Every structure is written in structure tokens, then in C-alpha cells.
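One file, my_file22.txt, is given below (compact mmCIF, C-alpha atoms).
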# COMPACT_ATOMS: atom_id res chain seq x y z
CA MET A 1 0.00 0.00 0.00
CA PHE A 2 1.65 3.21 -1.06
CA ASP A 3 1.68 6.21 1.20
CA LEU A 4 -0.87 8.84 0.19
CA LYS A 5 0.68 11.38 2.52
CA LYS A 6 3.59 12.19 0.26
CA TYR A 7 1.23 13.42 -2.47
CA ARG A 8 0.02 16.27 -0.26
CA LYS A 9 3.34 17.95 -0.86
CA LYS A 10 2.98 17.64 -4.59
CA SER A 11 -0.38 19.28 -5.10
CA PRO A 12 -1.06 22.10 -2.65
CA TRP A 13 -4.15 24.00 -3.72
CA ILE A 14 -4.23 27.51 -2.37
CA LEU A 15 -7.21 29.48 -1.12
CA HIS A 16 -6.31 33.14 -1.08
CA TYR A 17 -8.34 35.45 1.15
CA ASN A 18 -7.90 39.20 1.42
CA ALA A 19 -8.86 40.19 4.98
CA GLY A 20 -8.67 43.92 4.37
CA SER A 21 -5.22 44.07 2.80
CA CYS A 22 -3.97 47.15 0.90
CA ASN A 23 -3.47 44.87 -2.17
CA GLY A 24 0.32 45.07 -1.98
CA CYS A 25 0.67 41.45 -0.81
CA ASP A 26 -2.03 40.27 -3.24
CA ILE A 27 -0.07 41.66 -6.17
CA GLU A 28 3.02 39.82 -4.90
CA ILE A 29 1.01 36.58 -4.76
CA LEU A 30 -0.13 37.08 -8.35
CA ALA A 31 3.49 37.78 -9.30
CA ALA A 32 4.49 34.47 -7.71
CA LEU A 33 1.88 32.65 -9.80
CA GLY A 34 3.05 34.41 -12.97
CA PRO A 35 5.71 33.29 -15.46
CA LYS A 36 8.82 34.49 -13.59
CA TYR A 37 8.40 32.57 -10.33
CA ASP A 38 5.78 30.11 -11.63
CA LEU A 39 4.42 28.49 -8.48
CA GLU A 40 2.41 26.13 -10.68
CA ARG A 41 5.54 24.04 -11.33
CA PHE A 42 5.12 22.76 -7.76
CA GLY A 43 1.50 21.86 -8.52
CA VAL A 44 0.08 24.93 -6.85
CA VAL A 45 -3.35 25.91 -8.11
CA ASN A 46 -5.12 29.05 -6.96
CA THR A 47 -8.59 27.58 -6.39
CA GLY A 48 -11.16 30.06 -5.19
CA ASN A 49 -12.99 27.34 -3.32
CA PRO A 50 -12.42 26.50 0.36
CA LYS A 51 -13.86 22.98 0.02
CA GLN A 52 -11.10 21.90 -2.37
CA SER A 53 -8.05 23.68 -0.96
CA ASP A 54 -5.19 22.68 1.35
CA VAL A 55 -3.36 25.93 2.01
CA PHE A 56 -5.18 28.96 3.41
CA LEU A 57 -3.23 32.05 2.38
CA VAL A 58 -4.43 35.16 4.18
CA THR A 59 -3.34 38.73 3.57
CA GLY A 60 -4.43 41.82 5.46
CA PRO A 61 -4.80 42.83 9.12
CA VAL A 62 -8.34 41.38 9.53
CA THR A 63 -10.77 44.25 9.54
CA PHE A 64 -13.75 44.04 11.86
CA ARG A 65 -16.07 43.22 8.95
CA SER A 66 -13.93 40.43 7.52
CA ARG A 67 -13.40 38.44 10.72
CA GLU A 68 -16.55 36.32 10.37
CA ARG A 69 -15.77 35.42 6.76
CA LEU A 70 -12.24 34.48 7.82
CA VAL A 71 -13.45 32.00 10.42
CA GLU A 72 -16.14 30.69 8.09
CA LEU A 73 -13.66 30.04 5.29
CA TYR A 74 -11.33 28.33 7.74
CA THR A 75 -14.05 25.98 8.98
CA GLN A 76 -15.14 25.19 5.42
CA MET A 77 -11.71 23.83 4.50
CA PRO A 78 -11.37 20.05 4.86
CA GLU A 79 -8.54 18.61 6.96
CA PRO A 80 -5.57 18.39 6.53
CA LYS A 81 -4.98 22.10 6.01
CA VAL A 82 -2.37 24.73 6.83
CA VAL A 83 -2.70 28.47 7.32
CA ILE A 84 -0.12 30.96 6.08
CA ALA A 85 -0.24 34.53 7.41
CA PHE A 86 1.24 36.51 4.52
CA GLY A 87 2.57 40.00 5.22
CA SER A 88 3.31 42.03 8.31
CA CYS A 89 -0.30 43.12 8.76
CA THR A 90 -1.52 39.55 8.82
CA CYS A 91 1.10 38.50 11.37
CA THR A 92 0.73 41.35 13.85
CA GLY A 93 -1.49 44.07 12.44
CA GLY A 94 1.50 45.94 11.01
CA VAL A 95 1.08 49.65 10.53
CA PHE A 96 -2.63 49.29 11.23
CA ARG A 97 -2.12 47.83 14.71
CA ASP A 98 -4.46 49.13 17.42
CA MET A 99 -6.70 50.96 15.00
CA TYR A 100 -10.38 50.92 15.89
CA ASN A 101 -11.46 48.84 12.87
CA VAL A 102 -8.59 46.34 12.84
CA GLU A 103 -8.27 43.08 14.77
CA ASP A 104 -4.42 42.91 14.84
CA GLY A 105 -3.59 39.79 12.86
CA ILE A 106 -5.37 36.56 12.05
CA ASP A 107 -4.00 34.52 14.96
CA ARG A 108 -6.60 36.03 17.24
CA TYR A 109 -9.22 34.07 15.31
CA ILE A 110 -7.66 31.01 13.67
CA PRO A 111 -4.52 28.93 14.34
CA VAL A 112 -1.62 29.91 12.10
CA ASP A 113 1.13 27.51 10.93
CA VAL A 114 3.50 29.81 9.04
CA TYR A 115 4.11 33.53 9.48
CA VAL A 116 5.59 35.36 6.48
CA PRO A 117 6.54 38.92 7.49
CA GLY A 118 7.30 41.75 5.07
CA CYS A 119 5.58 44.83 3.76
CA ALA A 120 4.90 43.75 1.13
CA ALA A 121 6.36 40.25 1.42
CA SER A 122 8.14 39.29 -1.80
CA PRO A 123 7.32 36.32 -4.04
CA GLU A 124 10.53 34.58 -2.90
CA LEU A 125 9.28 34.77 0.67
CA LEU A 126 5.95 33.34 -0.44
CA ILE A 127 7.69 30.38 -2.06
CA ASP A 128 9.71 29.85 1.13
CA GLY A 129 6.53 30.08 3.19
CA VAL A 130 4.65 27.60 1.03
CA VAL A 131 7.55 25.13 1.16
CA LYS A 132 7.64 25.43 4.94
CA ALA A 133 3.86 25.03 5.12
CA LEU A 134 4.05 21.86 3.03
CA GLU A 135 6.47 20.32 5.55
CA ILE A 136 3.88 20.99 8.24
CA LEU A 137 1.07 19.73 6.01
CA GLU A 138 2.81 16.40 5.58
CA ARG A 139 2.88 15.87 9.34
CA LYS A 140 -0.79 16.70 9.82
CA THR A 141 -3.50 14.08 9.91
CA LYS A 142 -7.25 14.00 9.98
CA GLU A 143 -6.96 12.96 13.63
CA MET A 144 -5.97 16.53 14.48
CA GLU A 145 -9.63 17.48 14.60
CA LYS A 146 -10.16 15.33 17.70
CA PRO A 147 -9.90 17.15 21.05
CA PHE A 148 -7.08 14.85 22.22
CA LYS A 149 -5.91 17.25 24.84
CA LEU A 150 -8.97 16.60 26.95
CA PHE A 151 -8.88 12.79 26.82
CA LYS A 152 -6.81 10.09 28.51
CA GLU A 153 -6.30 6.63 27.04
CA ALA A 154 -9.06 4.11 27.71
CA THR A 155 -7.96 1.52 30.27
CA THR A 156 -8.37 -2.20 29.58
CA ARG A 157 -8.58 -4.74 32.38
CA ASP A 158 -9.45 -8.44 31.94
CA GLY A 159 -10.43 -7.80 28.33
CA ILE A 160 -12.98 -5.15 29.26
CA THR A 161 -12.41 -1.61 28.02
CA ASN A 162 -13.11 0.97 30.65
CA ARG A 163 -13.96 4.41 29.30
CA ARG A 164 -14.81 6.02 32.62
CA ASN A 165 -12.85 9.02 33.85
CA MET A 166 -11.30 9.59 30.44
CA ALA A 167 -11.89 13.31 30.41
CA LEU A 168 -9.15 15.49 31.83
CA LYS A 169 -9.56 18.71 33.65
CA VAL A 170 -8.45 21.67 31.54
CA GLY A 171 -4.74 22.16 32.07
CA GLU A 172 -4.17 18.75 33.70
CA LYS A 173 -2.26 17.37 30.70
CA ASP A 174 -0.04 20.43 30.52
CA GLU A 175 0.95 19.91 34.17
CA GLU A 176 2.05 16.32 33.39
CA ASP A 177 4.25 17.56 30.55
CA MET B 1 -9.45 -7.27 -26.29
CA ILE B 2 -7.68 -3.98 -27.04
CA GLU B 3 -11.02 -2.22 -26.82
CA ILE B 4 -11.64 -3.44 -23.28
CA LEU B 5 -8.12 -2.38 -22.31
CA LEU B 6 -8.73 1.06 -23.81
CA ILE B 7 -12.03 1.41 -21.97
CA LEU B 8 -10.46 0.47 -18.64
CA LEU B 9 -7.56 2.84 -19.20
CA ALA B 10 -9.72 5.70 -20.57
CA PRO B 11 -9.59 7.88 -17.43
CA ILE B 12 -5.83 7.39 -17.16
CA ILE B 13 -5.31 8.33 -20.81
CA GLY B 14 -7.48 11.39 -20.21
CA GLY B 15 -5.34 12.26 -17.19
CA PHE B 16 -2.22 12.13 -19.32
CA ILE B 17 -3.87 14.37 -21.93
CA TYR B 18 -4.83 16.82 -19.20
CA GLY B 19 -1.35 16.80 -17.66
CA PHE B 20 0.26 17.27 -21.06
CA GLU B 21 -2.13 20.10 -21.79
CA ARG B 22 -1.20 21.92 -18.59
CA LYS B 23 2.43 21.55 -19.58
CA VAL B 24 1.80 22.86 -23.11
CA ARG B 25 -0.25 25.77 -21.81
CA ALA B 26 2.53 26.69 -19.40
CA ARG B 27 5.15 26.53 -22.15
CA MET B 28 2.98 28.80 -24.29
CA GLN B 29 3.01 31.33 -21.44
CA ASN B 30 6.80 30.98 -21.11
CA ARG B 31 6.48 29.09 -17.81
CA GLN B 32 7.92 25.75 -16.81
CA GLY B 33 4.59 24.22 -15.84
CA PRO B 34 3.66 21.37 -13.51
CA PRO B 35 5.01 17.84 -14.06
CA LEU B 36 3.21 15.54 -16.50
CA LEU B 37 1.82 13.38 -13.69
CA GLN B 38 0.37 16.36 -11.81
CA PRO B 39 -3.32 15.35 -12.32
CA PHE B 40 -2.56 11.98 -10.69
CA TYR B 41 -0.81 13.65 -7.74
CA ASP B 42 -3.95 15.75 -7.33
CA THR B 43 -6.22 12.70 -7.26
CA PHE B 44 -4.01 10.85 -4.77
CA LYS B 45 -4.07 13.92 -2.54
CA LEU B 46 -7.85 14.22 -2.81
CA LEU B 47 -8.20 10.58 -1.69
CA ASP B 48 -6.63 11.54 1.61
CA LYS B 49 -8.72 14.65 2.22
CA GLN B 50 -11.66 14.92 4.55
CA THR B 51 -14.99 14.78 2.70
CA PHE B 52 -17.92 17.08 3.37
CA ILE B 53 -21.24 15.70 2.13
CA VAL B 54 -23.79 18.46 1.64
CA ASN B 55 -26.57 16.02 0.86
CA PRO B 56 -26.41 12.40 -0.35
CA TYR B 57 -28.12 13.03 -3.72
CA HIS B 58 -25.58 15.70 -4.58
CA SER B 59 -22.67 13.33 -4.07
CA VAL B 60 -24.36 10.36 -5.77
CA LEU B 61 -25.22 12.48 -8.82
CA GLY B 62 -21.57 13.49 -9.11
CA VAL B 63 -20.52 9.83 -9.10
CA ALA B 64 -23.29 9.03 -11.61
CA HIS B 65 -21.96 11.76 -13.88
CA PHE B 66 -18.54 10.13 -13.89
CA PHE B 67 -19.77 6.60 -14.60
CA THR B 68 -22.20 7.72 -17.32
CA LEU B 69 -19.38 9.57 -19.05
CA TRP B 70 -17.25 6.45 -18.77
CA ALA B 71 -20.08 4.48 -20.41
CA VAL B 72 -20.24 7.09 -23.19
CA VAL B 73 -16.52 6.72 -23.86
CA ALA B 74 -16.90 2.93 -23.76
CA PHE B 75 -19.69 3.02 -26.35
CA VAL B 76 -17.62 5.23 -28.66
CA ILE B 77 -14.64 2.88 -28.37
CA LEU B 78 -16.81 -0.19 -28.96
CA GLY B 79 -18.29 1.47 -32.09
CA GLN B 80 -21.94 1.74 -31.06
CA ASN B 81 -24.67 4.07 -32.34
CA LEU B 82 -23.47 7.68 -32.60
CA LEU B 83 -26.88 9.24 -31.93
CA TYR B 84 -27.23 7.07 -28.82
CA VAL B 85 -23.79 8.20 -27.66
CA VAL B 86 -24.72 11.87 -28.07
CA PHE B 87 -27.89 11.45 -26.02
CA LEU B 88 -26.16 9.40 -23.33
CA HIS B 89 -23.61 12.19 -23.08
CA LEU B 90 -26.55 14.57 -22.63
CA LEU B 91 -27.73 12.41 -19.74
CA ALA B 92 -24.30 12.66 -18.12
CA SER B 93 -24.46 16.45 -18.32
CA ILE B 94 -27.96 16.41 -16.87
CA PHE B 95 -26.73 14.46 -13.83
CA LEU B 96 -24.20 17.21 -13.26
CA ILE B 97 -26.82 19.93 -13.63
CA LEU B 98 -29.17 18.17 -11.19
CA ALA B 99 -26.27 17.93 -8.74
CA GLY B 100 -25.73 21.66 -9.18
CA PHE B 101 -29.35 22.42 -8.39
CA SER B 102 -29.53 20.03 -5.40
CA VAL B 103 -27.54 22.28 -3.06
CA LYS B 104 -28.28 25.73 -1.72
CA SER B 105 -25.10 27.45 -2.92
CA VAL B 106 -25.84 30.31 -5.31
CA TYR B 107 -22.62 29.69 -7.23
CA SER B 108 -23.73 26.13 -7.83
CA HIS B 109 -27.10 27.32 -9.13
CA VAL B 110 -25.54 29.90 -11.45
CA GLY B 111 -23.11 27.25 -12.69
CA ALA B 112 -25.91 24.77 -13.35
CA ASN B 113 -27.91 27.45 -15.17
CA ARG B 114 -24.94 28.26 -17.36
CA GLU B 115 -24.32 24.58 -18.00
CA LEU B 116 -27.92 24.31 -19.25
CA MET B 117 -27.47 27.37 -21.48
CA ALA B 118 -24.24 25.98 -22.91
CA MET B 119 -26.03 22.70 -23.57
CA ILE B 120 -28.63 24.59 -25.65
CA ALA B 121 -25.73 25.97 -27.66
CA TYR B 122 -23.70 22.83 -28.38
CA GLU B 123 -26.24 20.00 -28.39
CA PRO B 124 -27.85 20.89 -31.80
CA ILE B 125 -24.39 20.88 -33.36
CA LEU B 126 -23.57 17.43 -31.95
CA ILE B 127 -26.90 16.09 -33.26
CA MET B 128 -26.34 17.64 -36.70
CA LEU B 129 -22.88 16.11 -36.67
CA SER B 130 -24.34 12.64 -36.22
CA VAL B 131 -26.97 13.39 -38.93
CA GLY B 132 -24.16 14.44 -41.26
CA PHE B 133 -22.33 11.16 -40.63
CA PHE B 134 -25.63 9.34 -41.25
CA MET B 135 -26.18 11.05 -44.61
CA LEU B 136 -22.71 10.13 -45.83
CA ASN B 137 -22.69 6.68 -44.36
CA GLY B 138 -26.27 5.43 -44.28
CA SER B 139 -25.79 4.34 -40.69
CA PHE B 140 -25.31 5.83 -37.23
CA GLU B 141 -22.97 2.97 -36.23
CA ILE B 142 -19.53 4.29 -35.27
CA SER B 143 -17.92 1.02 -36.38
CA ALA B 144 -19.33 1.63 -39.90
CA ILE B 145 -18.14 5.26 -39.83
CA ARG B 146 -14.63 4.10 -38.96
CA GLN B 147 -14.47 1.90 -42.09
CA ASN B 148 -15.21 4.75 -44.53
CA SER B 149 -12.77 7.12 -46.18
CA PRO B 150 -12.10 10.45 -44.38
CA PHE B 151 -15.08 12.79 -43.97
CA LEU B 152 -13.08 15.94 -43.37
CA LEU B 153 -13.79 17.55 -46.76
CA SER B 154 -17.43 16.60 -47.09
CA LEU B 155 -18.16 17.62 -43.48
CA PHE B 156 -15.80 20.58 -43.39
CA LEU B 157 -18.38 23.17 -42.27
CA LEU B 158 -19.61 20.81 -39.54
CA PHE B 159 -15.99 20.32 -38.53
CA LEU B 160 -15.66 24.07 -38.09
CA ALA B 161 -18.85 24.06 -36.00
CA PHE B 162 -17.44 21.20 -33.92
CA LEU B 163 -14.31 23.27 -33.32
CA MET B 164 -16.58 25.74 -31.51
CA VAL B 165 -18.03 22.96 -29.36
CA ILE B 166 -14.64 21.75 -28.12
CA PRO B 167 -13.84 24.81 -25.93
CA ILE B 168 -17.32 24.63 -24.38
CA LYS B 169 -16.94 20.95 -23.52
CA LEU B 170 -13.38 21.30 -22.25
CA LYS B 171 -14.15 24.56 -20.38
CA LYS B 172 -11.63 26.67 -22.28
CA SER B 173 -11.54 30.37 -23.13
CA PRO B 174 -13.34 32.03 -24.81
CA PHE B 175 -16.23 29.67 -23.99
CA ASP B 176 -15.49 28.84 -20.33
CA ALA B 177 -18.31 30.86 -18.79
CA THR B 178 -19.86 27.60 -17.47
CA GLU B 179 -16.91 26.99 -15.17
CA ALA B 180 -15.49 30.51 -14.78
CA HIS B 181 -12.99 30.08 -11.97
CA GLN B 182 -12.55 33.23 -9.80
CA GLU B 183 -15.98 34.42 -10.91
CA ILE B 184 -18.43 31.69 -9.93
CA VAL B 185 -15.66 29.44 -8.50
CA GLY B 186 -16.07 26.48 -10.80
CA GLY B 187 -19.86 26.56 -11.06
CA VAL B 188 -21.47 23.19 -10.35
CA GLU B 189 -18.39 21.70 -8.73
CA VAL B 190 -18.29 24.30 -5.96
CA GLU B 191 -19.84 22.15 -3.21
CA PHE B 192 -17.95 18.93 -3.99
CA SER B 193 -15.02 18.04 -1.77
CA GLY B 194 -12.62 15.19 -1.11
CA VAL B 195 -13.39 11.88 -2.80
CA PHE B 196 -16.51 13.17 -4.52
CA PHE B 197 -14.68 16.06 -6.10
CA GLU B 198 -12.23 13.50 -7.37
CA PHE B 199 -14.99 11.89 -9.44
CA LEU B 200 -15.75 15.25 -11.03
CA TYR B 201 -12.05 15.83 -11.61
CA MET B 202 -11.72 12.49 -13.39
CA ALA B 203 -14.93 13.14 -15.33
CA LYS B 204 -13.13 16.16 -16.76
CA TRP B 205 -10.42 13.82 -18.06
CA LEU B 206 -13.05 11.57 -19.64
CA GLU B 207 -14.51 14.63 -21.34
CA TYR B 208 -11.12 15.07 -23.05
CA VAL B 209 -11.16 11.47 -24.25
CA PHE B 210 -14.74 11.81 -25.50
CA VAL B 211 -14.10 15.00 -27.46
CA TYR B 212 -10.92 13.73 -29.10
CA LEU B 213 -12.59 10.40 -29.96
CA LEU B 214 -15.39 12.32 -31.72
CA LEU B 215 -12.72 14.28 -33.54
CA PHE B 216 -11.17 11.01 -34.70
CA LEU B 217 -14.42 10.12 -36.48
CA PHE B 218 -13.77 12.88 -39.04
CA ALA B 219 -10.72 10.95 -40.19
CA GLY B 220 -12.73 7.80 -41.00
CA ASP B 221 -10.39 4.87 -41.54
CA SER B 222 -7.21 6.97 -41.83
CA VAL B 223 -5.34 6.78 -38.53
CA ALA B 224 -2.60 9.16 -39.70
CA LEU B 225 -5.13 11.89 -40.54
CA GLY B 226 -6.85 11.28 -37.20
CA LEU B 227 -3.61 11.74 -35.27
CA ALA B 228 -2.77 14.86 -37.28
CA LEU B 229 -6.24 16.26 -36.58
CA GLY B 230 -5.91 15.44 -32.89
CA VAL B 231 -2.53 17.15 -32.51
CA GLY B 232 -3.54 20.14 -34.64
CA VAL B 233 -6.82 20.74 -32.83
CA PHE B 234 -5.12 20.23 -29.45
CA LEU B 235 -2.59 22.96 -30.22
CA LEU B 236 -5.22 25.24 -31.76
CA VAL B 237 -7.58 24.95 -28.79
CA ASN B 238 -4.78 25.71 -26.32
CA LEU B 239 -3.53 28.63 -28.40
CA VAL B 240 -7.03 30.12 -28.51
CA ASP B 241 -7.43 29.43 -24.79
CA ASN B 242 -4.27 31.37 -24.02
CA SER B 243 -4.98 34.32 -26.27
CA THR B 244 -8.64 35.11 -25.73
CA ALA B 245 -10.77 36.45 -22.88
CA ARG B 246 -13.95 34.87 -21.58
CA VAL B 247 -17.22 35.79 -23.32
CA ARG B 248 -20.46 36.16 -21.43
CA ILE B 249 -22.86 33.22 -21.41
CA ASP B 250 -25.52 34.96 -23.55
CA HIS B 251 -22.86 35.92 -26.08
CA LEU B 252 -21.66 32.32 -26.05
CA ILE B 253 -25.13 31.13 -27.06
CA LYS B 254 -25.48 33.82 -29.71
CA ILE B 255 -22.07 33.14 -31.23
CA VAL B 256 -22.28 29.36 -31.20
CA LEU B 257 -25.90 29.14 -32.32
CA SER B 258 -25.66 31.75 -35.04
CA VAL B 259 -22.33 30.71 -36.53
CA GLY B 260 -22.26 27.01 -35.62
CA LEU B 261 -25.89 26.26 -36.45
CA THR B 262 -25.65 28.09 -39.78
CA LEU B 263 -22.49 26.22 -40.74
CA GLY B 264 -24.09 22.92 -39.79
CA VAL B 265 -27.35 23.54 -41.66
CA LEU B 266 -25.46 24.71 -44.75
CA ASN B 267 -23.39 21.54 -44.67
CA LEU B 268 -26.44 19.31 -44.29
CA ILE B 269 -28.29 21.10 -47.15
CA GLY B 270 -25.21 20.74 -49.30
CA LEU B 271 -24.98 17.05 -48.51
CA SER B 272 -28.61 16.49 -49.44
CA TYR B 273 -27.95 17.79 -52.98
CA VAL B 274 -24.84 15.69 -53.58

For this file, produce the structure as C-alpha cells.
Amino acid sequence: MFDLKKYRKKSPWILHYNAGSCNGCDIEILAALGPKYDLERFGVVNTGNPKQSDVFLVTGPVTFRSRERLVELYTQMPEPKVVIAFGSCTCTGGVFRDMYNVEDGIDRYIPVDVYVPGCAASPELLIDGVVKALEILERKTKEMEKPFKLFKEATTRDGITNRRNMALKVGEKDEED
Amino acid sequence: MIEILLILLAPIIGGFIYGFERKVRARMQNRQGPPLLQPFYDTFKLLDKQTFIVNPYHSVLGVAHFFTLWAVVAFVILGQNLLYVVFLHLLASIFLILAGFSVKSVYSHVGANRELMAMIAYEPILIMLSVGFFMLNGSFEISAIRQNSPFLLSLFLLFLAFLMVIPIKLKKSPFDATEAHQEIVGGVEVEFSGVFFEFLYMAKWLEYVFVYLLLFLFAGDSVALGLALGVGVFLLVNLVDNSTARVRIDHLIKIVLSVGLTLGVLNLIGLSYV
């Protein structure tokens, strides 16, 4: 049985979402997909559809209006998936930090795997970021959706599986580590 | 024996055509392009993805679309009735349209609507094509068509009309309003994910095989002419795809019905006087 996991690396489909960006980073992304850098030689396709993508590429500092769409798009993507925060604004809020209409980066709403700083981040940085994200993507599994942190192993005694007292208290596992 | 092998391998052959086409298109844009096996990498990846099922009918209709198309390709390879093949192909498209209408997504509905409109445009030409073959051949059987001398000259106007159908079927510019990525996000395929999207993805490959097999019929018994036609049309379609912008769906119908239908009718009238 061949390993399907290695093919994740070879066909990352990107969902690009502009969470209130100034368009500088978006132009760099389009430049990376164009003839000079040609991301498509790694199998990258810019799908506009969350249900068929693997890599969630976000630009922009997350304006107040775009935060719900951001979370919705994230939840609509099937596992395994990775999130790349592209540009300084997306990582920290950048020059827009602490403004009344800005939520200071996407990691307040969704988990981020790769941060790519830069204003605007260049296509070379995007390629580096995607390559890094693909390493993370290969390690991910569908099991990641399970809330493993809150569960102990089921105990088995005399052939009977005991599932009582499996749930941990919040923070109990962290204390063991 | 070779027919059964061809039928079983039809999706894989289509995948190679699709991969090669992506390569050619990239070279035309002065890019390196993805590897030849890229479509297969995509399918292997999709096998491993989580699947969201919006409703069961939606997913089943997508699978039905794939297997009906496979049956269409099988009937063409086996040399069955051409008219029957055209109508079975219509059924495959209708499965896809029903799938598009079975979910709530607006993009899916718009895509299914456009698919229906495109069908109005290309279906008369496909039927006239089979009528043209019937008038020259006295039979709708594809196996009989394959034993005749090339039809390219006597069906030249219908061949030109068929050239307009190819971009619609393969979702290529200027006639790709039915799919229209970045505008309606793929149309009917928008709600498919994981394994079920894979069936739609492979159905696209079968569409390639179907179109190029129909193209082969123009060459009759001459394999060399068929191969030349295949390569020539392949390059032409990709060149046009790279150099034109998308036309709106109502313009698509106007262009294809006015030009294509006229060419087809002229050809059929001409044939009836010969």
C-alpha cells in the first residue's frame, strides 16, 4: 500500500483570502503565480474554493467586517490544512495595529502555521513560506480534529475496556508535561 | 481485447492528456509548468482529504456523472450508435446539472444554469454532426463510420462548427463561462469536496477522451489523418485558450448558435444535394 501522505506535498491547492489588505501582498502573490516565479511548477493551483483547498493564504490585518468570513472560510476547508499569514499586517497588524477597525492579525481568530513577514512580502518569501507550510502539512493528519488534549487513554482490564474518567480537567495534561 | 483495455484505461489516458495540456499551456506562457503526472498527484491527494457531504443526492449524482461519461466513452470505443452516444452524453451532463441544483449554494445554481445554457448551444451541433455522418454513411454505427474514407472535406463546415463545441466541452476560453474560476468558482463543482470532487475531476479527463474520440471520427479509416487532426486541434484549442478572454454566457449562445448552427445547416443542405 503506497503512502498517500507524500502526495500532499505535490499538489497544494491555495485558497487566497484578502482580509482587508492594501493589495500590496495580493499583487506579490499574483506575481508568484506568474511566469517568472511560476508556483504552478510545484502543482500549486489558486482555487477560489475552500472545500477543495489545502493551504489557506491570508493577507491583510483582519478588519472588523472580515473576521466572520475568515473563520467561516477556515471551517469550510477540509482537513488536513495549513494556514499561512502573509505579510506584516496579517502577522501582527502591522502599521494598522491598534486601529479601531482592525483586529491585529489573524492569529486572534484562527490557528496559524507559518508567518511570512514583510511589507509587502516578496514572491521569494511566499515560495519559502509555502515550502515550509508543506512540511507541516505532511505531518498533519485528519486525527488533528479530535480534542485529544482533553482525553486520557481508555484503560483495559481483563479484556474489558473501561472508558470512565477519560476526560481530563483543563490544564491537567499540561501539568504532566 | 484492445477495446476493453482502452475502456479500462480511458480515465488514465485522459489524465495524461490533461497533464500534457497543462504543460503545453505553461510553455505557451513561457512558464515551466507542472510535471506531467500532476493530475494523478492531485487525485491521490484528494483521496486523503476529509470529505464534506452536503446532501447524499448531490454526491451520488456526481458519481453518476462520472460513470455515465465512462459508459459514453466505452460506447464510442466499442463502435456503437453515434446518436445514442450523443444522447447518453446529454444524460451525463444532466446528472451534473441536477447535482448543481440540489444544493443551496448560489454559485452552484448559477453554474448549473450556465451549464444548461451551454447545452442549448452545443447539443444541436452534436446532433447535426451525427446526422451528417448518417447522410454520408447510411448508418449511425460508429464502427461503420470508422471503415469509410475520411469525412473531413465533405463535413468541413460541420468540422468548423465542432471546433466551436470543443472549448465549451473542455471549459476553455473564450467559452469557459460555465466553469469561470474566480468568478463563480467552478460553477457546479463548488460544493464537492474530497473523494466526490475526485470523481468530477476524473470526469473532466473523460470529457477530453470523448471530445478527441469524436474528432477522430472525421478521419474515418485513416489513422494518420486522425492523429494529425488530434494534434492540430489540441494545439489550436490551447492557443485560442491562451490568447482570448472569456465571453459572457448569452454571447456564447449567440455566437455558437448563429455561426455554428448556420455552418451545420449549410453543410447538411449541401450534402442532401450531392

Write out as a PDB file with C-alpha atoms, in the coordinates of the input each polymer residue whose atoms come within 6 Å of segment 99-115 of chain B, counting all atoms listed in the file; drop sequence neighbours fewer than 4 positions from it.
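In the end it all went to result_38.pdb:
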ATOM      1  CA  HIS B  58     -25.580  15.700  -4.580  1.00  0.00           C
ATOM      2  CA  LEU B  61     -25.220  12.480  -8.820  1.00  0.00           C
ATOM      3  CA  THR B 178     -19.860  27.600 -17.470  1.00  0.00           C
ATOM      4  CA  ILE B 184     -18.430  31.690  -9.930  1.00  0.00           C
ATOM      5  CA  GLY B 187     -19.860  26.560 -11.060  1.00  0.00           C
ATOM      6  CA  VAL B 188     -21.470  23.190 -10.350  1.00  0.00           C
TER       7      VAL B 188
END

- Can you check which residues of chain A have any atom within 8 Å of chain B? Use only C-alpha atoms and format it as number ranges by chain. A: 4-5, 7-8, 10-11, 34-36, 38, 40-43, 47-49, 51-52, 78-80, 142

- Task: Figure out the distance between atom CA of Val131 of chain B and atom CA of Leu6 of chain B, please, to one decimal in Å.
- Result: 26.7 Å

- Quick one: residues within 9 Å of Ser88 of chain A, all atoms listed in the file counted, chain neighbours fewer than 6 positions away excluded, as a PyMOL selection string? chain A and resi 59-61+94-95+105+115-121

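The point (-7.4, 11.1, -21.1) has these residues within 6 Å of it when all atoms listed in the file are used: Ala10, Pro11, Ile12, Ile13, Gly14, Gly15, Phe16, Ile17, Trp205, Leu206, Tyr208 and Val209 of chain B.
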
- Spatial neighbours of Tyr84 of chain B, 10 Å, all atoms listed in the file, chain gap at least 4 places, as JSON, numbers by chain: {"B": [72, 75, 76, 80, 88, 89, 90, 130, 140, 141]}

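Reported to one decimal place, the separation of atom CA of Arg139 of chain A from atom CA of Val112 of chain A is 15.0 Å.
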
- Message: Would you compute the distance between atom CA of Asn267 of chain B and atom CA of Leu227 of chain B? Give it in Å to one decimal.
- Response: 24.0 Å

- Note on the structure: Closest of A:Leu70, A:Ala154, A:Cys22, A:Ile136 to Ile106 of chain A, counting all atoms listed in the file, is A:Leu70

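Excluding Pro111 of chain A and any residue on its chain fewer than 5 positions from it, the residues at most 10 Å away by only C-alpha atoms are Tyr74, Val82, Val83, Ile84, Ala85 and Ile106 of chain A.
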
- Non-local contacts of Val130 of chain A (10 Å; all atoms listed in the file; under 4 positions in same chain excluded) as a PyMOL selection string: chain A and resi 9+12+14+39+44+55+57+82-84+114+116+124-126+134-137

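Distances to Val85 of chain B were evaluated for B:Tyr201, B:Met117, B:Arg248, B:Phe210 using all atoms listed in the file, and the minimum falls at B:Phe210.
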
- Which of these, B:Leu239, B:Ile125, B:Val223, B:Met119, has the shortest distance to Ser173 of chain B once you count all atoms listed in the file? B:Leu239
